[in-house]
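What's in work-v9.cif: mmCIF, C-alpha atoms and all ligand atoms
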data_query
#
loop_
_atom_site.label_atom_id
_atom_site.label_comp_id
_atom_site.auth_asym_id
_atom_site.auth_seq_id
_atom_site.Cartn_x
_atom_site.Cartn_y
_atom_site.Cartn_z
CA VAL A 1 5.07 1.19 30.57
CA LYS A 2 6.14 4.24 32.59
CA ASN A 3 8.78 2.58 34.74
CA LYS A 4 9.57 -0.37 32.48
CA LEU A 5 10.18 1.06 29.03
CA GLN A 6 11.37 4.29 27.57
CA ILE A 7 9.65 5.23 24.33
CA LEU A 8 11.81 7.29 22.04
CA ASN A 9 11.56 8.75 18.58
CA SER A 10 14.26 8.42 15.99
CA ASP A 11 14.46 10.05 12.57
CA ASN A 12 14.88 6.86 10.60
CA GLN A 13 12.84 4.25 12.47
CA GLY A 14 9.99 6.15 14.11
CA ARG A 15 9.01 5.22 17.64
CA PHE A 16 10.97 2.58 19.49
CA SER A 17 11.21 1.43 23.06
CA THR A 18 14.15 0.50 25.22
CA ALA A 19 14.23 -1.37 28.52
CA LEU A 20 14.55 0.91 31.55
CA HIS A 21 15.74 -2.04 33.61
CA ALA A 22 16.92 -5.57 32.90
CA PHE A 23 14.23 -8.16 32.09
CA PRO A 24 15.02 -11.80 32.94
CA LYS A 25 14.10 -14.50 30.40
CA LYS A 26 10.35 -15.29 30.38
CA SER A 27 9.43 -12.18 32.36
CA GLU A 28 6.50 -10.01 31.32
CA ILE A 29 7.49 -6.73 29.72
CA LEU A 30 4.05 -5.31 29.09
CA THR A 31 0.48 -6.35 28.36
CA GLY A 32 -2.10 -4.71 26.10
CA ASN A 33 -5.84 -5.21 25.78
CA PRO A 34 -7.58 -5.28 22.40
CA TYR A 35 -9.46 -2.22 21.18
CA ALA A 36 -11.25 -4.37 18.62
CA TYR A 37 -11.01 -7.95 17.44
CA ALA A 38 -12.61 -10.53 15.18
CA PHE A 39 -12.30 -14.27 14.79
CA THR A 40 -12.38 -16.67 11.88
CA LYS A 41 -15.76 -18.24 11.25
CA ARG A 42 -14.42 -21.61 12.37
CA PHE A 43 -12.97 -20.34 15.64
CA ALA A 44 -16.01 -18.15 16.42
CA SER A 45 -18.00 -21.24 17.39
CA HIS A 46 -15.42 -22.02 20.07
CA ILE A 47 -15.45 -18.68 21.85
CA CYS A 48 -18.19 -17.03 23.89
CA ALA A 49 -18.70 -13.60 22.29
CA TRP A 50 -19.74 -12.09 25.64
CA THR A 51 -16.93 -13.35 27.91
CA LEU A 52 -14.27 -14.20 25.27
CA GLU A 53 -13.77 -17.52 26.98
CA VAL A 54 -12.51 -20.32 24.71
CA PHE A 55 -14.08 -23.81 24.62
CA ASP A 56 -12.79 -27.09 23.23
CA LYS A 57 -16.16 -28.11 21.79
CA PRO A 58 -18.28 -25.91 19.51
CA LEU A 59 -20.87 -23.90 21.43
CA GLN A 60 -24.53 -24.61 20.73
CA ILE A 61 -26.04 -21.19 21.44
CA TYR A 62 -25.52 -18.59 18.72
CA CYS A 63 -27.01 -15.61 16.94
CA SER A 64 -29.35 -17.18 14.39
CA HIS A 65 -29.27 -14.07 12.16
CA CYS A 66 -25.56 -13.90 11.36
CA LYS A 67 -24.31 -17.22 12.80
CA GLU A 68 -21.09 -15.32 13.47
CA VAL A 69 -21.20 -15.06 17.26
CA TYR A 70 -21.65 -17.86 19.79
CA TYR A 71 -22.39 -17.85 23.48
CA GLU A 72 -21.74 -20.14 26.38
CA SER A 73 -25.20 -19.61 27.88
CA GLU A 74 -28.62 -18.11 27.13
CA GLU A 75 -27.90 -15.49 29.76
CA ASN A 76 -24.76 -14.39 27.93
CA ARG A 77 -26.66 -14.26 24.66
CA ALA A 78 -29.29 -12.03 26.27
CA ASN A 79 -26.59 -9.76 27.70
CA GLY A 80 -24.70 -9.78 24.45
CA PHE A 81 -27.65 -8.91 22.25
CA ALA A 82 -27.86 -5.28 23.38
CA TYR A 83 -24.37 -4.87 21.97
CA HIS A 84 -24.42 -7.46 19.20
CA HIS A 85 -27.48 -6.11 17.39
CA GLN A 86 -25.31 -3.10 16.45
CA GLU A 87 -22.99 -5.27 14.40
CA CYS A 88 -25.20 -8.23 13.44
CA ARG A 89 -26.48 -6.89 10.09
CA ALA A 90 -23.06 -5.54 9.20
CA PHE A 91 -21.55 -8.97 9.90
CA GLN A 92 -24.14 -10.62 7.65
CA LYS A 93 -23.29 -8.25 4.80
CA ILE A 94 -19.54 -8.56 5.34
CA HIS A 95 -19.88 -12.31 5.29
CA ALA A 96 -21.69 -12.18 1.95
CA TYR A 97 -18.92 -10.13 0.29
CA PRO A 98 -16.56 -12.14 -1.91
CA LEU A 99 -13.53 -11.59 0.30
CA ASN A 100 -11.04 -13.99 1.82
CA SER A 101 -11.07 -14.80 5.52
CA SER A 102 -8.34 -12.23 6.36
CA TYR A 103 -10.24 -9.36 4.75
CA LYS A 104 -13.45 -10.44 6.45
CA MET A 105 -11.64 -10.35 9.81
CA LEU A 106 -10.28 -6.92 8.92
CA MET A 107 -13.79 -5.64 8.09
CA LYS A 108 -15.34 -7.10 11.24
CA THR A 109 -12.57 -5.74 13.45
CA LEU A 110 -13.00 -2.27 12.00
CA CYS A 111 -16.77 -2.54 12.26
CA ARG A 112 -16.32 -3.15 16.00
CA ALA A 113 -13.78 -0.34 16.28
CA VAL A 114 -16.25 2.10 14.71
CA ILE A 115 -19.05 0.89 17.02
CA ARG A 116 -16.74 1.58 19.97
CA LYS A 117 -16.00 5.03 18.56
CA ALA A 118 -19.74 5.69 18.24
CA TRP A 119 -20.27 4.40 21.77
CA GLU A 120 -17.52 6.68 23.11
CA GLN A 121 -19.25 9.59 21.39
CA GLY A 122 -22.59 9.07 23.10
CA LEU A 123 -24.35 6.25 21.28
CA SER A 124 -24.72 4.23 24.49
CA LYS A 125 -26.87 6.91 26.07
CA GLN A 126 -29.31 6.95 23.23
CA THR A 127 -32.41 4.96 22.65
CA GLN A 128 -32.36 3.78 19.12
CA ILE A 129 -34.67 2.26 16.65
CA GLN A 130 -33.89 -0.97 14.99
CA LYS A 131 -35.87 -2.51 12.20
CA CYS A 132 -36.62 -6.15 12.81
CA ASN A 133 -38.24 -8.39 10.21
CA LYS A 134 -38.75 -5.33 7.99
CA THR A 135 -42.12 -4.41 9.53
CA GLN A 136 -41.59 -4.56 13.25
CA LEU A 137 -39.88 -1.66 14.97
CA LYS A 138 -38.04 -2.41 18.12
CA TYR A 139 -36.71 0.09 20.61
CA LEU A 140 -33.49 -0.86 22.25
CA GLU A 141 -31.33 0.92 24.72
CA ILE A 142 -27.65 0.13 24.70
CA ILE A 143 -26.75 -0.22 28.33
CA GLU A 144 -24.36 -3.11 28.30
CA VAL A 145 -21.06 -3.23 26.48
CA PRO A 146 -19.02 -6.43 26.56
CA PRO A 147 -17.36 -6.91 29.97
CA THR A 148 -14.09 -7.63 28.17
CA TRP A 149 -13.85 -4.05 26.87
CA ASP A 150 -11.02 -2.10 28.48
CA LYS A 151 -12.84 1.20 28.95
CA ASN A 152 -9.59 3.16 29.24
CA LEU A 153 -8.88 2.34 25.61
CA LYS A 154 -10.28 4.85 23.16
CA TRP A 155 -10.40 5.39 19.41
CA LYS A 156 -7.75 8.10 19.87
CA HIS A 157 -5.30 5.38 20.98
CA PHE A 158 -6.01 3.38 17.81
CA GLU A 159 -5.79 6.58 15.75
CA SER A 160 -2.37 7.41 17.18
CA LEU A 161 -0.83 4.34 15.51
CA VAL A 162 1.04 4.77 12.24
CA SER A 163 -1.01 4.07 9.12
CA ASN A 164 1.75 4.51 6.51
CA ARG A 165 -1.02 5.75 4.20
CA ASP A 166 1.35 7.88 2.13
CA GLN A 167 3.52 4.87 1.44
CA TYR A 168 0.72 2.68 0.16
CA GLY A 169 0.72 4.38 -3.24
CA ILE A 170 -2.44 5.43 -5.05
CA LEU A 171 -3.45 2.01 -6.38
CA ARG A 172 -3.13 0.21 -3.06
CA PHE A 173 -4.78 3.06 -1.16
CA ASN A 174 -7.68 3.11 -3.63
CA ALA A 175 -8.16 -0.62 -3.04
CA ARG A 176 -8.50 0.24 0.69
CA LYS A 177 -11.02 2.91 -0.26
CA ARG A 178 -13.11 0.30 -2.03
CA LEU A 179 -13.03 -1.88 1.11
CA ALA A 180 -14.01 1.19 3.15
CA GLU A 181 -16.97 1.81 0.81
CA ARG A 182 -18.17 -1.73 1.42
CA LEU A 183 -17.78 -1.27 5.16
CA VAL A 184 -19.83 1.95 5.02
CA LYS A 185 -22.54 0.12 3.06
CA ALA A 186 -22.59 -2.68 5.62
CA MET A 187 -22.75 -0.53 8.76
CA PRO A 188 -25.89 0.99 10.31
CA ALA A 189 -26.24 4.69 9.41
CA LEU A 190 -26.79 5.63 13.06
CA ILE A 191 -23.41 4.22 14.08
CA LEU A 192 -21.67 6.17 11.31
CA GLU A 193 -23.48 9.36 12.33
CA TYR A 194 -22.24 9.03 15.88
CA ALA A 195 -18.75 7.88 14.98
CA PHE A 196 -18.13 10.48 12.28
CA PRO A 197 -20.25 13.52 13.09
CA LYS A 198 -20.00 16.39 10.61
CA SER A 199 -18.22 14.20 8.07
CA ASP A 200 -19.57 13.72 4.56
CA ALA A 201 -19.59 10.31 2.85
CA GLU A 202 -16.32 10.90 1.03
CA ASP A 203 -14.59 11.98 4.22
CA ILE A 204 -15.83 8.92 6.14
CA ILE A 205 -14.53 6.62 3.39
CA ASP A 206 -11.15 8.36 3.48
CA GLN A 207 -10.91 8.04 7.27
CA LEU A 208 -11.91 4.38 7.12
CA ALA A 209 -9.44 3.65 4.30
CA GLU A 210 -6.71 5.08 6.51
CA ALA A 211 -8.01 3.00 9.43
CA ILE A 212 -7.67 -0.08 7.20
CA CYS A 213 -4.01 0.80 6.52
CA ARG A 214 -3.56 1.33 10.26
CA TYR A 215 -5.06 -2.08 10.97
CA GLU A 216 -2.81 -3.73 8.39
CA CYS A 217 0.34 -2.17 9.84
CA ASN A 218 -0.55 -2.85 13.48
CA CYS A 219 -2.81 -5.87 13.91
CA PHE A 220 -1.82 -8.88 15.98
CA GLY A 221 -2.92 -12.40 15.13
CA TYR A 222 -4.43 -15.01 17.43
CA PHE A 223 -3.38 -18.58 16.66
CA SER A 224 -4.47 -22.08 17.61
CA PRO A 225 -1.96 -24.40 19.32
CA LYS A 226 -1.46 -25.96 15.86
CA GLY A 227 -0.47 -22.56 14.45
CA ASP A 228 -3.61 -21.78 12.42
CA GLN A 229 -4.78 -18.19 12.63
CA THR A 230 -7.97 -17.95 14.67
CA GLY A 231 -8.43 -14.20 14.81
CA ALA A 232 -6.93 -10.74 14.75
CA ALA A 233 -6.96 -7.70 17.02
CA VAL A 234 -5.73 -4.15 17.25
CA ILE A 235 -3.91 -3.65 20.53
CA PRO A 236 -2.72 -0.03 20.72
CA GLY A 237 -0.80 -0.44 24.00
CA ILE A 238 1.83 -2.73 22.48
CA SER A 239 1.85 -1.64 18.84
CA PHE A 240 4.92 0.56 19.15
CA ILE A 241 7.20 -2.47 19.68
CA ASN A 242 9.47 -2.73 16.63
CA HIS A 243 10.47 -5.69 14.53
CA SER A 244 13.69 -7.67 14.50
CA CYS A 245 14.45 -10.93 12.66
CA ALA A 246 16.33 -11.91 15.83
CA PRO A 247 13.81 -10.61 18.37
CA ASN A 248 14.44 -10.55 22.10
CA SER A 249 10.72 -10.83 22.93
CA ASP A 250 7.63 -12.73 21.91
CA SER A 251 3.92 -11.93 21.98
CA ILE A 252 1.71 -14.32 23.93
CA PHE A 253 -2.08 -14.02 23.96
CA TYR A 254 -4.47 -14.89 26.72
CA PHE A 255 -8.14 -15.84 26.77
CA PRO A 256 -10.59 -14.89 28.14
CA GLY A 257 -10.02 -11.31 27.17
CA GLY A 258 -7.66 -11.66 24.22
CA SER A 259 -4.92 -9.57 25.79
CA ILE A 260 -1.38 -9.89 24.47
CA THR A 261 1.69 -9.95 26.68
CA ILE A 262 5.16 -9.10 25.42
CA GLN A 263 7.47 -11.58 27.12
CA ALA A 264 11.28 -11.67 27.19
CA LEU A 265 12.67 -14.56 25.07
CA ARG A 266 16.03 -14.23 26.78
CA ASP A 267 17.64 -12.04 29.44
CA ILE A 268 17.40 -8.45 28.24
CA PRO A 269 19.85 -5.92 29.68
CA GLU A 270 18.86 -2.38 30.62
CA GLY A 271 18.93 -0.02 27.64
CA GLU A 272 18.35 -2.66 24.94
CA GLU A 273 15.56 -2.09 22.45
CA ILE A 274 12.56 -4.40 22.89
CA THR A 275 11.73 -6.23 19.65
CA ILE A 276 9.27 -8.83 18.39
CA THR A 277 8.90 -10.37 14.94
CA TYR A 278 6.42 -9.18 12.29
CA CYS A 279 7.26 -11.97 9.86
CA ASP A 280 7.85 -15.69 9.58
CA LEU A 281 11.40 -16.12 10.86
CA SER A 282 11.92 -19.34 8.92
CA LEU A 283 11.95 -17.33 5.67
CA ASN A 284 15.30 -16.48 4.15
CA LYS A 285 16.66 -12.96 4.33
CA LYS A 286 15.48 -11.95 0.86
CA ASP A 287 11.91 -13.10 1.48
CA ARG A 288 11.80 -11.54 4.96
CA GLN A 289 13.01 -8.21 3.61
CA LYS A 290 10.53 -8.35 0.73
CA TYR A 291 7.64 -9.12 3.08
CA LEU A 292 8.59 -6.40 5.57
CA LYS A 293 9.08 -3.81 2.82
CA HIS A 294 5.76 -4.64 1.17
CA ASN A 295 3.67 -4.76 4.34
CA TYR A 296 5.46 -2.47 6.79
CA PHE A 297 7.47 -0.24 4.43
CA PHE A 298 10.90 -0.53 5.99
CA ASP A 299 14.27 -2.07 5.18
CA CYS A 300 15.14 -4.30 8.08
CA GLN A 301 18.44 -3.28 9.64
CA CYS A 302 18.46 -5.92 12.36
CA LEU A 303 21.62 -7.83 13.30
CA ARG A 304 20.45 -10.88 11.38
CA CYS A 305 19.84 -8.90 8.19
CA VAL A 306 22.83 -6.59 8.49
CA PRO A 307 25.54 -8.43 10.47
CA PRO A 308 28.17 -6.12 11.96
CA LYS A 309 31.17 -5.83 9.64
CA LYS A 310 34.29 -7.70 10.70
CA LEU A 311 37.24 -5.55 11.55
CA LYS A 312 40.18 -6.03 9.20
ZN ZN B 1 -25.87 -11.83 14.75
ZN ZN B 2 15.93 -8.31 9.87
#
Show this structure as structure tokens.
Amino acid sequence: VKNKLQILNSDNQGRFSTALHAFPKKSEILTGNPYAYAFTKRFASHICAWTLEVFDKPLQIYCSHCKEVYYESEENRANGFAYHHQECRAFQKIHAYPLNSSYKMLMKTLCRAVIRKAWEQGLSKQTQIQKCNKTQLKYLEIIEVPPTWDKNLKWKHFESLVSNRDQYGILRFNARKRLAERLVKAMPALILEYAFPKSDAEDIIDQLAEAICRYECNCFGYFSPKGDQTGAAVIPGISFINHSCAPNSDSIFYFPGGSITIQALRDIPEGEEITITYCDLSLNKKDRQKYLKHNYFFDCQCLRCVPPKKLK
């Protein structure tokens, strides 16, 4: 980012980034790795949860408790268990909630983000107790985190993204609080203790409700070649790229790893703002503006929405 883009702040549009040099069509502008991600139930069976490699045929090895994560090999399942047992019960509970697929992905992504936060704050060094089959106590040490984790990425990077919480309004924010309460109920107490030390229950719910807003304003989708959504991720390193209904760049994702690259759609001259789209560009102007206002809280001022006035 340092020698490719300049990130600036403006009073009316927040952070934005301009090209420090020209980018030819199809060139890579920047790439970001996910801080946390989740997949639809259907797609989960086609991706190894340990390596994030995608397969054409459904995988046959999976976690029998939650049936939410699949592995390419027994070895990967064994490696993955030290990490996965942290989220397994939470995933089972989230799956049982009467929520649509998008909200389930949101909950699972945030569950993983909070586990990472706990891990950053020392959970990995601890031996912890996990109850198995209600009676049996099992001691597990978390030594392995998924190899796809970019260890330079931290919760503070996710937290630095805009949440627009003040613009949600009380009713919409309270709905996020109710989701946060469910997430708290689903997650292991130990994780929450590590992730939110010295916070009381109300404070944790408030922080998670804001994290939900932050996810909603910043998440990127993964899609199948047919265009169906297969997952979602928070990718702090590219989240400051603004929207335009006539964008000069596109986001392209790569597996294994789930990174997203911002690629130039056309030749971009030095000094031009880098933009991608946040909405379906086949919508008409009224519907685009309505969608952007409702979800991202801004009035789009792009050249397609506000064409330059003709000189008389
Ligand atoms: Zn599981
Ligand atoms: Zn626009």
**OP:** Show me which residues sit within 7 Å of ligand ZN 1 (chain B) when counting only C-alpha atoms and all ligand atoms, and put them as JSON, numbers by chain.
**Re:** {"A": [63, 64, 65, 66, 67, 68, 69, 84, 85, 88, 89]}
Subject >> Selection as a PyMOL selection string: residues within 9 Å of ligand ZN 2 (chain B) by all atoms listed in the file >> reply: chain A and resi 243-246+277+285+288-289+292+299-306
Original post:
Leaving out Trp50 of chain A and any residue of its chain fewer than 4 positions from it, which residues lie within 8 Å of it when counting only C-alpha atoms, given as a VMD selection string?
Top reply: chain A and resid 71 76 to 77 79 to 80 146 to 148
Subject >> Spatial neighbours of Phe255 of chain A, 7 Å, all atoms listed in the file, chain gap at least 4 places, as a ChimeraX atom specification >> reply: /A:52-54
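The gap separating atom CA of Tyr254 of chain A from atom CA of Gly237 of chain A is 15.2 Å, in Å to one decimal.
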**OP:** List the neighbours of segment 293-298 of chain A out to 12 Å using only C-alpha atoms; skip same-chain residues closer than 4 positions along the sequence, and give me the result as a ChimeraX atom specification.
**Re:** /A:12-14,162-169,172,213-219,242-244,277-279,285-289,302
**OP:** Mind giving me the straight-line distance from atom CA of Lys310 of chain A to atom CA of Asn284 of chain A in Å, one decimal?
**Re:**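 About the pair atom CA of Lys310 of chain A and atom CA of Asn284 of chain A: they are 21.9 Å apart.
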**OP:** Would you kindly return, as a PyMOL selection string, each protein, DNA or RNA residue with an atom no farther than 12 Å from any atom of Asp206 of chain A, considering only C-alpha atoms and excluding same-chain residues fewer than 4 positions away?
**Re:** chain A and resi 165+173-181+183-184+196+199-202+210-213
With only C-alpha atoms counted, which protein, DNA or RNA residues have an atom no more than 12 Å from (-13.9, -7.1, 8.3) in the file frame? Please answer as a CSV table (one decimal) with C-alpha atoms, keeping the file's coordinate frame.
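part_25.csv, freshly written:
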chain,number,residue,atom,x,y,z
A,36,ALA,CA,-11.2,-4.4,18.6
A,37,TYR,CA,-11.0,-8.0,17.4
A,38,ALA,CA,-12.6,-10.5,15.2
A,39,PHE,CA,-12.3,-14.3,14.8
A,40,THR,CA,-12.4,-16.7,11.9
A,41,LYS,CA,-15.8,-18.2,11.2
A,87,GLU,CA,-23.0,-5.3,14.4
A,90,ALA,CA,-23.1,-5.5,9.2
A,91,PHE,CA,-21.6,-9.0,9.9
A,92,GLN,CA,-24.1,-10.6,7.6
A,93,LYS,CA,-23.3,-8.2,4.8
A,94,ILE,CA,-19.5,-8.6,5.3
A,95,HIS,CA,-19.9,-12.3,5.3
A,96,ALA,CA,-21.7,-12.2,2.0
A,97,TYR,CA,-18.9,-10.1,0.3
A,98,PRO,CA,-16.6,-12.1,-1.9
A,99,LEU,CA,-13.5,-11.6,0.3
A,100,ASN,CA,-11.0,-14.0,1.8
A,101,SER,CA,-11.1,-14.8,5.5
A,102,SER,CA,-8.3,-12.2,6.4
A,103,TYR,CA,-10.2,-9.4,4.8
A,104,LYS,CA,-13.4,-10.4,6.4
A,105,MET,CA,-11.6,-10.4,9.8
A,106,LEU,CA,-10.3,-6.9,8.9
A,107,MET,CA,-13.8,-5.6,8.1
A,108,LYS,CA,-15.3,-7.1,11.2
A,109,THR,CA,-12.6,-5.7,13.4
A,110,LEU,CA,-13.0,-2.3,12.0
A,111,CYS,CA,-16.8,-2.5,12.3
A,112,ARG,CA,-16.3,-3.2,16.0
A,113,ALA,CA,-13.8,-0.3,16.3
A,114,VAL,CA,-16.2,2.1,14.7
A,176,ARG,CA,-8.5,0.2,0.7
A,179,LEU,CA,-13.0,-1.9,1.1
A,180,ALA,CA,-14.0,1.2,3.2
A,182,ARG,CA,-18.2,-1.7,1.4
A,183,LEU,CA,-17.8,-1.3,5.2
A,184,VAL,CA,-19.8,2.0,5.0
A,186,ALA,CA,-22.6,-2.7,5.6
A,187,MET,CA,-22.8,-0.5,8.8
A,208,LEU,CA,-11.9,4.4,7.1
A,211,ALA,CA,-8.0,3.0,9.4
A,212,ILE,CA,-7.7,-0.1,7.2
A,215,TYR,CA,-5.1,-2.1,11.0
A,216,GLU,CA,-2.8,-3.7,8.4
A,231,GLY,CA,-8.4,-14.2,14.8
A,232,ALA,CA,-6.9,-10.7,14.8
A,233,ALA,CA,-7.0,-7.7,17.0
Subject >> Nearest to Tyr35 of chain A by atom-to-atom distance, counting all atoms listed in the file, from A:Ile260, A:Ala209, A:Leu153, A:Leu281 >> reply: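 Answer, going by the shortest atom-to-atom distance: A:Leu153.
Here atom CA of Glu193 of chain A stands at a distance of 22.7 Å from atom CA of Asn152 of chain A.
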Original post:
Do you know which residues are at most 9 Å from Ile268 of chain A counting only C-alpha atoms, after dropping those on the same chain fewer than 3 positions away, and could you put them as a list in words?
Top reply: Ala19, His21, Ala22, Phe23, Pro24, Lys25, Asn248, Ser249, Ala264, Leu265, Gly271, Glu272, Glu273 and Ile274 of chain A
Subject >> Within-9 Å shell of (6.7, 3.5, 25.3) in input frame, all atoms listed in the file, as a ChimeraX atom specification >> reply: /A:1-2,4-8,15-18,237-238,240-241
